[in-house]
Amino acid sequence: MEKTDIKSMTLSELSQEMRKLALPAYRAGQIYKWLHVRGAFSFDEMSDLSKDLRARLDEEYIIRTCEIERRQESKQNETVKYLFRLYDGEHIESVLMKYKYGYTLCVSTQVGCRMGCRFCASTLAGFVRHLSASEILGQIHAAQRDCGIRVSHVVLMGMGEPLDNYDNVMRFLELVSDENGLNIGMRNISLSTCGIVPKIYELMEKKLQLTLSISIHAPNDEIRSKIMPINKKYPMSELLEACRQYAKQTGRRISFEYTMIDGVNDSVECAKELSRRLRGILSHVNLIPANEFSESPFSRSRAETIEKFVNEMKNNSVNVTLRRSLGSDIDASCGQLRLRNQKGG
Ligand code: SAH
């Protein structure tokens, strides 16, 4: 029989489990702290539990951990990229970024991805499976342990589409923000989506204080459908209407991600059209020069082109920033390290 995934349980679920095992209620709190605050990799680490109890827990439950398969540090020490191995031998990536205000971890939500964005390495080898809440948490625990630091901010911008793994991602959000657990506040969490419109409405109803990021990457359906297949299902007008309502309902500014791809979406006309379409939405636009990798047919926009694009957006009163691309020397655009590993590079 498959063992139960203990780190995906909430404290109250764990308390019920303890009751089933006829264990005292305080055990749940003890174990939860080991799993979530201290990030224990095994029951053996739980030194205030008896050996017998540890053995019993080990028979019933599995702690889904992320083991470091590869680790790459950027030259300036500002990013660490991890390739993690999961219990079933699958691999995912996370990137730890050091900022003035603390450490941000970019986590994966799926093994592979089925969204098919043409510029993205994560989707090239297809979709394998969803990650459990414990495996998303496990990335934080593994990075914290490896670097001896505390992660203060989390971005769901690694491999996978978070809203395509909705239930597990919601459970992850509940666990990671739990004050008895890692206690990372919703305001320190960003969730990025390629635009699964019905799920954006579902998320809106939860009125969470997280930052919703939309991977927009184009000013119109013609360009967007060419690079992002999801646009054929949920065209831009529907997506932007969902964003408008989301911002209104939650009072939270939407963050739009725009990857600058040479000759595809980087003209001044594109900047004009995007500015017009975002009008009236409480928002911020992040421009990111496309990360290049050998399997990608695209290259990043030229510096002058980017500058013109930024200026046009500013002239149209759009809140816009050009994001410095951290860690491009370590394949830090998600999916690239896993791809390299699969190819034996
Ligand atoms: N599936 C989610 C989150 C994962 S990707 C989403 O689509 O938002 C995180 C961000 O990186 C997205 O905005 C994605 O479009 C972008 N991205 C993917 N490949 C990229 C590349 N080669 N260069 C720059 N940004 C890229």
# chains A, B, ... in the order shown; residues from 1 in each chain; ligands from 1
call {"tool": "closest_atom_pairs", "arguments": {"of": "chain A", "to": "ligand 1", "cutoff": "7 Å", "atoms": "only C-alpha atoms and all ligand atoms", "output": "JSON lines"}}
result
{"residue": "A:Phe119", "atom": "CA", "partner": "ligand 1", "partner_atom_place_in_ligand_line": "22 (N)", "distance": 4.9}
{"residue": "A:Cys120", "atom": "CA", "partner": "ligand 1", "partner_atom_place_in_ligand_line": "19 (N)", "distance": 3.5}
{"residue": "A:Ala121", "atom": "CA", "partner": "ligand 1", "partner_atom_place_in_ligand_line": "19 (N)", "distance": 6.0}
{"residue": "A:Leu156", "atom": "CA", "partner": "ligand 1", "partner_atom_place_in_ligand_line": "3 (C)", "distance": 6.3}
{"residue": "A:Met157", "atom": "CA", "partner": "ligand 1", "partner_atom_place_in_ligand_line": "4 (C)", "distance": 4.0}
{"residue": "A:Gly158", "atom": "CA", "partner": "ligand 1", "partner_atom_place_in_ligand_line": "4 (C)", "distance": 4.9}
{"residue": "A:Met159", "atom": "CA", "partner": "ligand 1", "partner_atom_place_in_ligand_line": "4 (C)", "distance": 5.5}
{"residue": "A:Gly160", "atom": "CA", "partner": "ligand 1", "partner_atom_place_in_ligand_line": "1 (N)", "distance": 5.1}
{"residue": "A:Glu161", "atom": "CA", "partner": "ligand 1", "partner_atom_place_in_ligand_line": "1 (N)", "distance": 3.6}
{"residue": "A:Pro162", "atom": "CA", "partner": "ligand 1", "partner_atom_place_in_ligand_line": "1 (N)", "distance": 6.3}
{"residue": "A:Ser192", "atom": "CA", "partner": "ligand 1", "partner_atom_place_in_ligand_line": "8 (O)", "distance": 4.0}
{"residue": "A:Thr193", "atom": "CA", "partner": "ligand 1", "partner_atom_place_in_ligand_line": "8 (O)", "distance": 3.5}
{"residue": "A:Cys194", "atom": "CA", "partner": "ligand 1", "partner_atom_place_in_ligand_line": "7 (O)", "distance": 3.7}
{"residue": "A:Ser213", "atom": "CA", "partner": "ligand 1", "partner_atom_place_in_ligand_line": "8 (O)", "distance": 6.8}
{"residue": "A:Ile214", "atom": "CA", "partner": "ligand 1", "partner_atom_place_in_ligand_line": "8 (O)", "distance": 5.9}
{"residue": "A:Ser215", "atom": "CA", "partner": "ligand 1", "partner_atom_place_in_ligand_line": "13 (O)", "distance": 4.2}
{"residue": "A:Glu257", "atom": "CA", "partner": "ligand 1", "partner_atom_place_in_ligand_line": "13 (O)", "distance": 5.2}
{"residue": "A:Tyr258", "atom": "CA", "partner": "ligand 1", "partner_atom_place_in_ligand_line": "13 (O)", "distance": 6.9}
{"residue": "A:Thr259", "atom": "CA", "partner": "ligand 1", "partner_atom_place_in_ligand_line": "24 (C)", "distance": 5.1}
{"residue": "A:Ile288", "atom": "CA", "partner": "ligand 1", "partner_atom_place_in_ligand_line": "24 (C)", "distance": 6.0}
{"residue": "A:Pro289", "atom": "CA", "partner": "ligand 1", "partner_atom_place_in_ligand_line": "24 (C)", "distance": 6.2}
{"residue": "A:Ala290", "atom": "CA", "partner": "ligand 1", "partner_atom_place_in_ligand_line": "23 (N)", "distance": 3.6}
{"residue": "A:Asn291", "atom": "CA", "partner": "ligand 1", "partner_atom_place_in_ligand_line": "23 (N)", "distance": 3.7}
{"residue": "A:Glu292", "atom": "CA", "partner": "ligand 1", "partner_atom_place_in_ligand_line": "22 (N)", "distance": 5.7}
{"residue": "A:Ser333", "atom": "CA", "partner": "ligand 1", "partner_atom_place_in_ligand_line": "21 (C)", "distance": 6.1}
{"residue": "A:Cys334", "atom": "CA", "partner": "ligand 1", "partner_atom_place_in_ligand_line": "19 (N)", "distance": 6.9}
call {"tool": "select_by_dssp", "arguments": {"residues": "region 154-315 of chain A", "states": "alpha helix (DSSP H)", "output": "ChimeraX atom specification"}}
result
/A:166-176,197-206,221-227,230-233,236-250,268-278,303-315
call {"tool": "write_last_selection", "arguments": {"atoms": "C-alpha atoms", "output": "PDB file, in the first residue's frame"}}
result
ATOM      1  CA  TYR A 166      -5.058  24.261  -8.868  1.00  0.00           C
ATOM      2  CA  ASP A 167      -5.986  22.108  -5.853  1.00  0.00           C
ATOM      3  CA  ASN A 168      -2.442  21.217  -4.876  1.00  0.00           C
ATOM      4  CA  VAL A 169      -1.289  24.794  -5.357  1.00  0.00           C
ATOM      5  CA  MET A 170      -4.134  26.097  -3.134  1.00  0.00           C
ATOM      6  CA  ARG A 171      -3.145  23.572  -0.479  1.00  0.00           C
ATOM      7  CA  PHE A 172       0.475  24.672  -0.807  1.00  0.00           C
ATOM      8  CA  LEU A 173      -0.568  28.323  -0.305  1.00  0.00           C
ATOM      9  CA  GLU A 174      -2.502  27.416   2.818  1.00  0.00           C
ATOM     10  CA  LEU A 175       0.418  25.454   4.268  1.00  0.00           C
ATOM     11  CA  VAL A 176       3.214  27.874   3.367  1.00  0.00           C
ATOM     12  CA  VAL A 197      -9.362  32.277 -17.288  1.00  0.00           C
ATOM     13  CA  PRO A 198     -11.907  30.186 -15.279  1.00  0.00           C
ATOM     14  CA  LYS A 199      -9.246  29.475 -12.662  1.00  0.00           C
ATOM     15  CA  ILE A 200      -8.433  33.174 -12.363  1.00  0.00           C
ATOM     16  CA  TYR A 201     -12.087  33.758 -11.403  1.00  0.00           C
ATOM     17  CA  GLU A 202     -11.925  30.886  -8.931  1.00  0.00           C
ATOM     18  CA  LEU A 203      -8.804  32.349  -7.358  1.00  0.00           C
ATOM     19  CA  MET A 204     -10.429  35.782  -7.251  1.00  0.00           C
ATOM     20  CA  GLU A 205     -13.210  34.418  -5.027  1.00  0.00           C
ATOM     21  CA  LYS A 206     -10.617  33.450  -2.431  1.00  0.00           C
ATOM     22  CA  ASP A 221      -4.441  37.702 -30.308  1.00  0.00           C
ATOM     23  CA  GLU A 222      -2.580  37.345 -33.570  1.00  0.00           C
ATOM     24  CA  ILE A 223       0.854  37.461 -31.957  1.00  0.00           C
ATOM     25  CA  ARG A 224      -0.167  35.829 -28.687  1.00  0.00           C
ATOM     26  CA  SER A 225      -1.741  32.781 -30.330  1.00  0.00           C
ATOM     27  CA  LYS A 226       1.448  32.209 -32.308  1.00  0.00           C
ATOM     28  CA  ILE A 227       3.620  31.956 -29.206  1.00  0.00           C
ATOM     29  CA  ILE A 230      -3.540  28.802 -24.451  1.00  0.00           C
ATOM     30  CA  ASN A 231      -4.589  32.047 -26.169  1.00  0.00           C
ATOM     31  CA  LYS A 232      -6.653  30.073 -28.663  1.00  0.00           C
ATOM     32  CA  LYS A 233      -8.759  28.782 -25.795  1.00  0.00           C
ATOM     33  CA  MET A 236      -6.908  38.258 -24.736  1.00  0.00           C
ATOM     34  CA  SER A 237     -10.211  40.070 -24.376  1.00  0.00           C
ATOM     35  CA  GLU A 238     -11.458  37.363 -21.959  1.00  0.00           C
ATOM     36  CA  LEU A 239      -8.149  37.269 -20.126  1.00  0.00           C
ATOM     37  CA  LEU A 240      -7.965  41.046 -19.707  1.00  0.00           C
ATOM     38  CA  GLU A 241     -11.589  41.193 -18.558  1.00  0.00           C
ATOM     39  CA  ALA A 242     -10.751  38.594 -15.878  1.00  0.00           C
ATOM     40  CA  CYS A 243      -7.747  40.712 -14.846  1.00  0.00           C
ATOM     41  CA  ARG A 244      -9.852  43.844 -14.650  1.00  0.00           C
ATOM     42  CA  GLN A 245     -12.335  42.120 -12.367  1.00  0.00           C
ATOM     43  CA  TYR A 246      -9.609  40.430 -10.331  1.00  0.00           C
ATOM     44  CA  ALA A 247      -7.902  43.739  -9.589  1.00  0.00           C
ATOM     45  CA  LYS A 248     -11.209  45.352  -8.694  1.00  0.00           C
ATOM     46  CA  GLN A 249     -12.376  42.529  -6.425  1.00  0.00           C
ATOM     47  CA  THR A 250      -9.103  41.963  -4.596  1.00  0.00           C
ATOM     48  CA  VAL A 268       6.879  50.400 -30.865  1.00  0.00           C
ATOM     49  CA  GLU A 269       3.445  49.551 -32.354  1.00  0.00           C
ATOM     50  CA  CYS A 270       3.276  46.582 -29.969  1.00  0.00           C
ATOM     51  CA  ALA A 271       4.067  48.873 -27.029  1.00  0.00           C
ATOM     52  CA  LYS A 272       1.327  51.265 -28.148  1.00  0.00           C
ATOM     53  CA  GLU A 273      -1.261  48.540 -28.536  1.00  0.00           C
ATOM     54  CA  LEU A 274      -0.374  46.898 -25.219  1.00  0.00           C
ATOM     55  CA  SER A 275      -0.617  50.254 -23.409  1.00  0.00           C
ATOM     56  CA  ARG A 276      -4.045  50.807 -24.885  1.00  0.00           C
ATOM     57  CA  ARG A 277      -5.319  47.376 -23.931  1.00  0.00           C
ATOM     58  CA  LEU A 278      -4.089  47.590 -20.347  1.00  0.00           C
ATOM     59  CA  ALA A 303      18.908  46.809 -26.198  1.00  0.00           C
ATOM     60  CA  GLU A 304      17.859  49.813 -28.348  1.00  0.00           C
ATOM     61  CA  THR A 305      14.584  48.115 -29.236  1.00  0.00           C
ATOM     62  CA  ILE A 306      13.858  47.463 -25.572  1.00  0.00           C
ATOM     63  CA  GLU A 307      14.628  51.062 -24.692  1.00  0.00           C
ATOM     64  CA  LYS A 308      12.221  52.361 -27.330  1.00  0.00           C
ATOM     65  CA  PHE A 309       9.545  49.953 -26.096  1.00  0.00           C
ATOM     66  CA  VAL A 310       9.989  51.104 -22.489  1.00  0.00           C
ATOM     67  CA  ASN A 311       9.809  54.761 -23.497  1.00  0.00           C
ATOM     68  CA  GLU A 312       6.631  54.236 -25.501  1.00  0.00           C
ATOM     69  CA  MET A 313       5.005  52.489 -22.527  1.00  0.00           C
ATOM     70  CA  LYS A 314       6.066  55.305 -20.196  1.00  0.00           C
ATOM     71  CA  ASN A 315       4.731  57.918 -22.605  1.00  0.00           C
TER      72      ASN A 315
END
call {"tool": "closest_residue", "arguments": {"among": "A:Ser94, A:Asn316, A:Thr104, A:Ser8", "to": "Tyr82 (chain A)", "atoms": "only C-alpha atoms"}}
result
A:Ser94
call {"tool": "select_by_dssp", "arguments": {"residues": "region 1-238 of chain A", "states": "strand (DSSP E or B)", "output": "VMD selection string"}}
result
chain A and resid 4 to 5 61 to 62 67 to 73 79 to 85 91 to 99 102 to 106 110 to 112 127 to 130 151 to 156 189 to 193 211 to 215
call {"tool": "atom_distance", "arguments": {"atom1": "CA of Arg253 (chain A)", "atom2": "CA of Val155 (chain A)"}}
result
15.7 Å
call {"tool": "residues_around", "arguments": {"residues": "region 132-139 of chain A", "least_positions_apart": "2", "cutoff": "8 Å", "atoms": "only C-alpha atoms", "output": "list in words"}}
result
Asp5, Ile6, Lys7, Ser8, Gly39, Ile63, Arg64, Thr65, Cys66, Phe84, Leu86, Ser94, Val107, Ser108, Thr109, His130, His141, Ala142, Ala143, Asn168, Val169, Arg171, Phe172 and Val176 of chain A
call {"tool": "closest_atom_pairs", "arguments": {"of": "region 10-95 of chain A", "to": "region 112-116 of chain A", "cutoff": "10 Å", "atoms": "only C-alpha atoms", "output": "CSV"}}
result
residue,atom,partner,partner_atom,distance
A:Glu90,CA,A:Gly112,CA,9.8
A:His91,CA,A:Gly112,CA,8.9
A:Ile92,CA,A:Gly112,CA,8.0
call {"tool": "closest_residue", "arguments": {"among": "A:Pro235, A:Pro229, A:Pro219, A:Gly102", "to": "Ser267 (chain A)", "atoms": "only C-alpha atoms"}}
result
A:Pro219
call {"tool": "atom_distance", "arguments": {"atom1": "CA of Leu212 (chain A)", "atom2": "CA of Ile254 (chain A)"}}
result
5.6 Å
call {"tool": "closest_residue", "arguments": {"among": "A:Ser47, A:Thr10, A:Gln76, A:Ser122", "to": "Glu295 (chain A)", "atoms": "only C-alpha atoms"}}
result
A:Ser122
call {"tool": "atom_distance", "arguments": {"atom1": "CA of Ile68 (chain A)", "atom2": "CA of Arg145 (chain A)"}}
result
10.9 Å
